[in-house]
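Scroll down for the structure; my scribbles are underneath it.
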Amino acid sequence: MDGANQSSVSEFVLLGLTNSWEIQLLLFLFSLMLYVASMMGNSLIVLTVISDPHLHSPMYFLLANLSFIDMGVSCVSCPKMLYDLFRKHKVISFGGCITQIFFIHVIGGVEMVLLIAMAFDRYVAICKPLHYLTIMSPRLCIFFLVSAWIIGIIHSMIQMVFVVNLPFCGPNVLDSFYCDLPRFIKLACTDTYRLEFMVTAISGFISVGSFIILLISYAVIILTVHKHSSGGSSKALSTLSAHITVVVLFFGPLIFFYAWPSPSIHLDKFLAIFDAILTPVLNPMIYTFRNQEMKVAMKRVCRQLVTDRKIS
């Protein structure tokens with residue numbers, strides 16, 4: 001945090017989403033409802049996968065970790081946004097801003113790798129079913145998880161090394177409800193063209209590249225399903241459609257933020273809300289509504305929780 005000491009700016013002012021009291025109240029109720037639903041839904045998925053032996057498979061292991069990451073997505077920016085909705089002077093400290101950016105990129109990197117791992121899991125399950133358990137071994141699943149966290153941390157640290165040493169002498173106003181890297185960099189009292197290019201090159205290129213790779217992977221899997229159509233093809237396509245939907249929901253806002261910068265503040269804020277609040281709620285809904293095995297297991301876990309509560 002040496003960069004903070006060299007800067008005359010110790011905090012940043014967040015303009016938030018709106019100045020209208022009525023809209024702020026509606027946003028608070030709407031966001032609080034989605035935040036609670038996200039934490040409860042993703043927690044239930046994690047608890048279900050851990051407690052139900054029928055779900056101790058690579059696919060559900062990766063899904064539980066994705067749900068855990070989605071809880072992190074909700075916690076990084078949503079509580080601060082809810083708190084600030086009723087404050088006239090919305091501020092965040094320099095260190096708090098850096099911390100928020102750091103965890104946003106760590107979580108984003110981890111989720112990106114997990115989505116790629118889930119695509120690989122579906123590829124093996126559909127294209128090489130006889131070798132599925134051999135290829136998707138517990139060791140490989142742990143390797144995917146550890147790799148995801150290492151890549152996420154390295155991805156974030158590379159950008160933080162350059163950002164924390166930037167000088168800030170004013171202005172210190174961010175037209176957002178959280179600290180995001182592109183707007184944060186623009187406030188520095190120095191030429192940031194190269195740094196902005198680096199952020200676009202790293203985050204933008206990785207986002208677009210990973211998105212294209214995933215789309216190609218799922219296209220190959222879908223073609224394989226059609227070539228070897230059987231009784232389980234509809235179930236496979238239903239599972240794939242859920243995965244593809246989650247991939248689009250995750251990469252859409254990322255590509256807009258880092259690879260396709262736009263002067264439209266309103267669209268930028270809408271996608272930020274969508275990415276921070278709506279996506280963590282939609283992910284568990286998409287996976288559970290399209291997965292009969294998961295729905296049955298979740299009902300079983302809920303009944304067990306109710307029974308245990310009555311006994312105690």
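Within each chain, counting starts at residue 1; across the structure tokens, chains are named A, B, ... in the order shown, with ligands numbered 1 upward in that order.
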Output as a PyMOL selection string all residues of range 79-165 of chain A that backbone DSSP marks as alpha helix (DSSP H). chain A and resi 79-84+94-127+132-135+138-163
So that each row is one residue of range 63-117 of chain A with an atom at most 8 Å from range 277-292 of chain A, can you give its shortest atom pair and the distance in Å to one decimal, using only C-alpha atoms, rows by chain and rising number, as JSON lines?
{"residue": "A:Ser67", "atom": "CA", "partner": "A:Pro284", "partner_atom": "CA", "distance": 7.1}
{"residue": "A:Asp70", "atom": "CA", "partner": "A:Pro280", "partner_atom": "CA", "distance": 5.0}
{"residue": "A:Met71", "atom": "CA", "partner": "A:Pro280", "partner_atom": "CA", "distance": 6.9}
{"residue": "A:Val73", "atom": "CA", "partner": "A:Pro280", "partner_atom": "CA", "distance": 7.0}
{"residue": "A:Ser74", "atom": "CA", "partner": "A:Ile277", "partner_atom": "CA", "distance": 6.1}
{"residue": "A:Cys78", "atom": "CA", "partner": "A:Ile277", "partner_atom": "CA", "distance": 6.8}
What does the structure give for the distance between CA of Ser57 in chain A and CA of Leu115 in chain A, in Å to one decimal?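 Interatomic distance, CA of Ser57 in chain A to CA of Leu115 in chain A: 16.2 Å.
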Tell me which protein, DNA and RNA residues are within 6 Å of Tyr258 in chain A, counting only C-alpha atoms, leaving out same-chain ones fewer than 2 positions away, and put them as a CSV table (one decimal) with N, CA, C and O atoms, in the first residue's frame.
chain,number,residue,atom,x,y,z
A,200,THR,N,-6.9,-3.8,-20.7
A,200,THR,CA,-7.7,-4.3,-21.8
A,200,THR,C,-7.1,-5.6,-22.4
A,200,THR,O,-7.8,-6.6,-22.7
A,204,GLY,N,-9.5,-8.1,-21.1
A,204,GLY,CA,-10.3,-8.2,-22.3
A,204,GLY,C,-9.9,-9.4,-23.1
A,204,GLY,O,-10.8,-10.2,-23.5
A,255,ILE,N,-16.9,-8.9,-21.1
A,255,ILE,CA,-16.4,-8.5,-22.4
A,255,ILE,C,-16.8,-7.0,-22.6
A,255,ILE,O,-16.0,-6.2,-23.2
A,256,PHE,N,-17.9,-6.6,-22.1
A,256,PHE,CA,-18.4,-5.2,-22.3
A,256,PHE,C,-17.5,-4.3,-21.5
A,256,PHE,O,-17.0,-3.2,-22.0
A,260,TRP,N,-14.8,-4.0,-24.7
A,260,TRP,CA,-15.6,-3.1,-25.5
A,260,TRP,C,-16.1,-1.9,-24.7
A,260,TRP,O,-17.2,-1.8,-24.3
For range 87-92 of chain A, please output as an mmCIF file with all heavy atoms, in the first residue's frame all residues within 10 Å (counting only C-alpha atoms; exclusion window: fewer than 6 positions along the same chain).
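Contents of part18.cif, freshly written:
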data_model
loop_
_atom_site.group_PDB
_atom_site.id
_atom_site.type_symbol
_atom_site.label_atom_id
_atom_site.label_comp_id
_atom_site.auth_asym_id
_atom_site.auth_seq_id
_atom_site.Cartn_x
_atom_site.Cartn_y
_atom_site.Cartn_z
ATOM 1 N N SER A 10 -7.045 9.996 -0.165
ATOM 2 C CA SER A 10 -7.144 8.907 0.812
ATOM 3 C C SER A 10 -8.460 8.150 0.705
ATOM 4 O O SER A 10 -8.619 7.078 1.287
ATOM 5 C CB SER A 10 -7.002 9.464 2.233
ATOM 6 O OG SER A 10 -8.027 10.408 2.507
ATOM 7 N N GLU A 11 -9.417 8.722 -0.026
ATOM 8 C CA GLU A 11 -10.703 8.060 -0.221
ATOM 9 C C GLU A 11 -11.313 8.478 -1.555
ATOM 10 O O GLU A 11 -10.906 9.474 -2.159
ATOM 11 C CB GLU A 11 -11.667 8.402 0.920
ATOM 12 C CG GLU A 11 -12.033 9.872 1.005
ATOM 13 C CD GLU A 11 -12.964 10.194 2.159
ATOM 14 O OE1 GLU A 11 -13.032 9.387 3.100
ATOM 15 O OE2 GLU A 11 -13.621 11.254 2.101
ATOM 16 N N PHE A 12 -12.276 7.674 -2.019
ATOM 17 C CA PHE A 12 -12.955 7.956 -3.276
ATOM 18 C C PHE A 12 -14.448 8.113 -3.022
ATOM 19 O O PHE A 12 -15.029 7.411 -2.178
ATOM 20 C CB PHE A 12 -12.714 6.837 -4.287
ATOM 21 C CG PHE A 12 -11.280 6.722 -4.720
ATOM 22 C CD1 PHE A 12 -10.409 5.867 -4.062
ATOM 23 C CD2 PHE A 12 -10.789 7.476 -5.772
ATOM 24 C CE1 PHE A 12 -9.090 5.759 -4.445
ATOM 25 C CE2 PHE A 12 -9.465 7.375 -6.172
ATOM 26 C CZ PHE A 12 -8.616 6.524 -5.503
ATOM 27 N N VAL A 13 -15.046 9.034 -3.755
ATOM 28 C CA VAL A 13 -16.484 9.288 -3.647
ATOM 29 C C VAL A 13 -17.197 8.476 -4.720
ATOM 30 O O VAL A 13 -16.859 8.567 -5.902
ATOM 31 C CB VAL A 13 -16.809 10.786 -3.821
ATOM 32 C CG1 VAL A 13 -18.317 11.022 -3.764
ATOM 33 C CG2 VAL A 13 -16.095 11.605 -2.751
ATOM 34 N N LEU A 14 -18.176 7.686 -4.309
ATOM 35 C CA LEU A 14 -18.978 6.881 -5.238
ATOM 36 C C LEU A 14 -20.294 7.599 -5.517
ATOM 37 O O LEU A 14 -21.027 7.923 -4.584
ATOM 38 C CB LEU A 14 -19.242 5.495 -4.648
ATOM 39 C CG LEU A 14 -18.008 4.666 -4.270
ATOM 40 C CD1 LEU A 14 -18.428 3.386 -3.551
ATOM 41 C CD2 LEU A 14 -17.189 4.327 -5.505
ATOM 42 N N LEU A 15 -20.579 7.841 -6.769
ATOM 43 C CA LEU A 15 -21.831 8.521 -7.117
ATOM 44 C C LEU A 15 -23.038 7.599 -6.997
ATOM 45 O O LEU A 15 -24.175 8.071 -6.919
ATOM 46 C CB LEU A 15 -21.748 9.080 -8.547
ATOM 47 C CG LEU A 15 -20.723 10.193 -8.775
ATOM 48 C CD1 LEU A 15 -20.834 10.717 -10.199
ATOM 49 C CD2 LEU A 15 -20.907 11.325 -7.765
ATOM 50 N N GLY A 16 -22.782 6.290 -6.968
ATOM 51 C CA GLY A 16 -23.884 5.348 -6.793
ATOM 52 C C GLY A 16 -24.718 5.181 -8.046
ATOM 53 O O GLY A 16 -24.271 5.450 -9.164
ATOM 54 N N ASN A 19 -29.979 9.413 -7.540
ATOM 55 C CA ASN A 19 -30.191 10.369 -6.449
ATOM 56 C C ASN A 19 -31.648 10.410 -5.999
ATOM 57 O O ASN A 19 -31.981 11.117 -5.046
ATOM 58 C CB ASN A 19 -29.760 11.772 -6.898
ATOM 59 C CG ASN A 19 -28.253 11.871 -7.095
ATOM 60 O OD1 ASN A 19 -27.484 11.284 -6.331
ATOM 61 N ND2 ASN A 19 -27.836 12.603 -8.117
ATOM 62 N N LYS A 80 -21.843 -3.367 0.424
ATOM 63 C CA LYS A 80 -21.437 -1.959 0.385
ATOM 64 C C LYS A 80 -22.470 -1.108 -0.359
ATOM 65 O O LYS A 80 -22.802 0.006 0.055
ATOM 66 C CB LYS A 80 -20.069 -1.854 -0.283
ATOM 67 C CG LYS A 80 -19.586 -0.433 -0.606
ATOM 68 C CD LYS A 80 -19.284 0.372 0.628
ATOM 69 C CE LYS A 80 -18.678 1.719 0.246
ATOM 70 N NZ LYS A 80 -18.578 2.640 1.391
ATOM 71 N N MET A 81 -23.003 -1.654 -1.465
ATOM 72 C CA MET A 81 -24.007 -0.934 -2.237
ATOM 73 C C MET A 81 -25.281 -0.733 -1.424
ATOM 74 O O MET A 81 -25.869 0.355 -1.416
ATOM 75 C CB MET A 81 -24.334 -1.686 -3.516
ATOM 76 C CG MET A 81 -25.278 -0.942 -4.448
ATOM 77 S SD MET A 81 -26.062 -2.006 -5.663
ATOM 78 C CE MET A 81 -27.190 -2.929 -4.633
ATOM 79 N N ILE A 98 -8.854 -0.618 -3.361
ATOM 80 C CA ILE A 98 -7.864 -1.566 -3.885
ATOM 81 C C ILE A 98 -8.257 -2.996 -3.522
ATOM 82 O O ILE A 98 -8.171 -3.920 -4.349
ATOM 83 C CB ILE A 98 -6.457 -1.246 -3.321
ATOM 84 C CG1 ILE A 98 -5.920 0.059 -3.922
ATOM 85 C CG2 ILE A 98 -5.496 -2.387 -3.599
ATOM 86 C CD1 ILE A 98 -5.597 -0.020 -5.383
ATOM 87 N N GLN A 100 -11.263 -4.167 -2.900
ATOM 88 C CA GLN A 100 -12.435 -4.561 -3.676
ATOM 89 C C GLN A 100 -12.041 -4.971 -5.096
ATOM 90 O O GLN A 100 -12.498 -6.009 -5.602
ATOM 91 C CB GLN A 100 -13.443 -3.413 -3.711
ATOM 92 C CG GLN A 100 -14.843 -3.834 -4.129
ATOM 93 C CD GLN A 100 -15.836 -2.703 -3.967
ATOM 94 O OE1 GLN A 100 -15.688 -1.641 -4.559
ATOM 95 N NE2 GLN A 100 -16.870 -2.930 -3.166
ATOM 96 N N ASN A 172 -11.462 12.671 -7.261
ATOM 97 C CA ASN A 172 -11.564 11.355 -6.628
ATOM 98 C C ASN A 172 -12.986 10.807 -6.687
ATOM 99 O O ASN A 172 -13.431 10.109 -5.774
ATOM 100 C CB ASN A 172 -11.098 11.435 -5.178
ATOM 101 C CG ASN A 172 -12.001 12.307 -4.333
ATOM 102 O OD1 ASN A 172 -12.654 13.215 -4.850
ATOM 103 N ND2 ASN A 172 -12.050 12.036 -3.031
ATOM 104 N N VAL A 173 -13.701 11.122 -7.774
ATOM 105 C CA VAL A 173 -15.104 10.717 -7.911
ATOM 106 C C VAL A 173 -15.221 9.564 -8.898
ATOM 107 O O VAL A 173 -14.768 9.667 -10.051
ATOM 108 C CB VAL A 173 -15.983 11.892 -8.383
ATOM 109 C CG1 VAL A 173 -17.429 11.447 -8.548
ATOM 110 C CG2 VAL A 173 -15.891 13.042 -7.394
ATOM 111 N N LEU A 174 -15.844 8.459 -8.456
ATOM 112 C CA LEU A 174 -16.111 7.299 -9.304
ATOM 113 C C LEU A 174 -17.612 7.239 -9.597
ATOM 114 O O LEU A 174 -18.415 7.129 -8.669
ATOM 115 C CB LEU A 174 -15.662 6.013 -8.617
ATOM 116 C CG LEU A 174 -14.158 5.740 -8.536
ATOM 117 C CD1 LEU A 174 -13.884 4.591 -7.578
ATOM 118 C CD2 LEU A 174 -13.598 5.416 -9.914
ATOM 119 N N PHE A 177 -21.111 2.295 -8.249
ATOM 120 C CA PHE A 177 -21.441 1.941 -6.869
ATOM 121 C C PHE A 177 -20.382 1.036 -6.254
ATOM 122 O O PHE A 177 -20.514 0.590 -5.120
ATOM 123 C CB PHE A 177 -22.824 1.268 -6.797
ATOM 124 C CG PHE A 177 -22.926 -0.034 -7.556
ATOM 125 C CD1 PHE A 177 -22.670 -1.239 -6.936
ATOM 126 C CD2 PHE A 177 -23.287 -0.045 -8.896
ATOM 127 C CE1 PHE A 177 -22.758 -2.435 -7.621
ATOM 128 C CE2 PHE A 177 -23.394 -1.228 -9.599
ATOM 129 C CZ PHE A 177 -23.126 -2.429 -8.964
ATOM 130 N N TYR A 178 -19.315 0.774 -7.013
ATOM 131 C CA TYR A 178 -18.192 -0.002 -6.491
ATOM 132 C C TYR A 178 -16.946 0.398 -7.264
ATOM 133 O O TYR A 178 -17.006 1.098 -8.275
ATOM 134 C CB TYR A 178 -18.454 -1.502 -6.620
ATOM 135 C CG TYR A 178 -18.417 -2.019 -8.044
ATOM 136 C CD1 TYR A 178 -17.312 -2.696 -8.532
ATOM 137 C CD2 TYR A 178 -19.498 -1.822 -8.901
ATOM 138 C CE1 TYR A 178 -17.272 -3.171 -9.829
ATOM 139 C CE2 TYR A 178 -19.471 -2.291 -10.198
ATOM 140 C CZ TYR A 178 -18.358 -2.962 -10.655
ATOM 141 O OH TYR A 178 -18.325 -3.418 -11.954
ATOM 142 N N CYS A 179 -15.790 -0.024 -6.784
ATOM 143 C CA CYS A 179 -14.533 0.299 -7.448
ATOM 144 C C CYS A 179 -14.280 -0.681 -8.588
ATOM 145 O O CYS A 179 -14.178 -1.890 -8.349
ATOM 146 C CB CYS A 179 -13.370 0.230 -6.457
ATOM 147 S SG CYS A 179 -13.310 1.605 -5.297
#
DSSP strand (DSSP E or B) selection over range 37-278 of chain A, as a PyMOL selection string: chain A and resi 91-93+173-174
Which residues come within 12 Å of Phe120 in chain A, counting only C-alpha atoms, excluding same-chain residues fewer than 2 positions away, as a PDB file with C-alpha atoms, in the first residue's frame?
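File result_36.pdb, as written:
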ATOM      1  CA  PRO A  58     -16.893 -34.396 -10.590  1.00  0.00           C
ATOM      2  CA  MET A  59     -19.774 -32.439 -12.141  1.00  0.00           C
ATOM      3  CA  LEU A  62     -17.317 -28.260  -9.720  1.00  0.00           C
ATOM      4  CA  VAL A 113     -11.259 -21.446 -14.881  1.00  0.00           C
ATOM      5  CA  LEU A 114     -14.127 -23.306 -13.180  1.00  0.00           C
ATOM      6  CA  LEU A 115     -16.390 -22.722 -16.187  1.00  0.00           C
ATOM      7  CA  ILE A 116     -13.662 -24.091 -18.477  1.00  0.00           C
ATOM      8  CA  ALA A 117     -13.265 -27.101 -16.169  1.00  0.00           C
ATOM      9  CA  MET A 118     -17.037 -27.699 -16.238  1.00  0.00           C
ATOM     10  CA  ARG A 122     -19.199 -32.269 -19.965  1.00  0.00           C
ATOM     11  CA  TYR A 123     -16.962 -33.011 -22.961  1.00  0.00           C
ATOM     12  CA  VAL A 124     -15.516 -36.101 -21.282  1.00  0.00           C
ATOM     13  CA  ALA A 125     -18.929 -37.243 -19.983  1.00  0.00           C
ATOM     14  CA  ILE A 126     -20.573 -37.018 -23.427  1.00  0.00           C
ATOM     15  CA  CYS A 127     -17.726 -37.708 -25.856  1.00  0.00           C
ATOM     16  CA  LYS A 128     -15.769 -40.272 -23.793  1.00  0.00           C
ATOM     17  CA  TYR A 132     -15.190 -40.585 -17.655  1.00  0.00           C
ATOM     18  CA  ILE A 135     -10.159 -39.093 -16.735  1.00  0.00           C
ATOM     19  CA  MET A 136     -12.209 -37.018 -14.269  1.00  0.00           C
ATOM     20  CA  LEU A 140      -7.874 -33.931 -11.575  1.00  0.00           C
ATOM     21  CA  CYS A 141     -10.819 -32.199  -9.879  1.00  0.00           C
ATOM     22  CA  PHE A 144      -8.722 -27.819 -11.478  1.00  0.00           C
ATOM     23  CA  ILE A 213     -12.922 -21.432 -26.565  1.00  0.00           C
ATOM     24  CA  LEU A 214     -15.948 -22.342 -24.442  1.00  0.00           C
ATOM     25  CA  LEU A 215     -18.392 -21.710 -27.286  1.00  0.00           C
ATOM     26  CA  ILE A 216     -16.306 -23.885 -29.635  1.00  0.00           C
ATOM     27  CA  SER A 217     -16.110 -26.619 -26.971  1.00  0.00           C
ATOM     28  CA  TYR A 218     -19.867 -26.651 -26.446  1.00  0.00           C
ATOM     29  CA  VAL A 220     -18.275 -29.745 -30.529  1.00  0.00           C
ATOM     30  CA  ILE A 221     -20.173 -31.418 -27.681  1.00  0.00           C
ATOM     31  CA  LEU A 240     -25.457 -28.229 -21.841  1.00  0.00           C
ATOM     32  CA  HIS A 243     -23.926 -24.471 -18.849  1.00  0.00           C
TER      33      HIS A 243
END
Residues near Phe103 in chain A, anyone? I mean within 10 Å using only C-alpha atoms, not counting same-chain ones fewer than 2 positions away, as a PyMOL selection string. chain A and resi 72-73+76-77+98-101+105-109+152-153+156-157
Which residue of A:Leu145, A:Ile50, A:Ile244, A:Ile104 approaches Asp180 in chain A most closely, using only C-alpha atoms: A:Ile104
So how far away is CA of Asp268 in chain A from CA of Phe94 in chain A, in Å?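 Straight-line distance from CA of Phe94 in chain A to CA of Asp268 in chain A works out to 22.4 Å.
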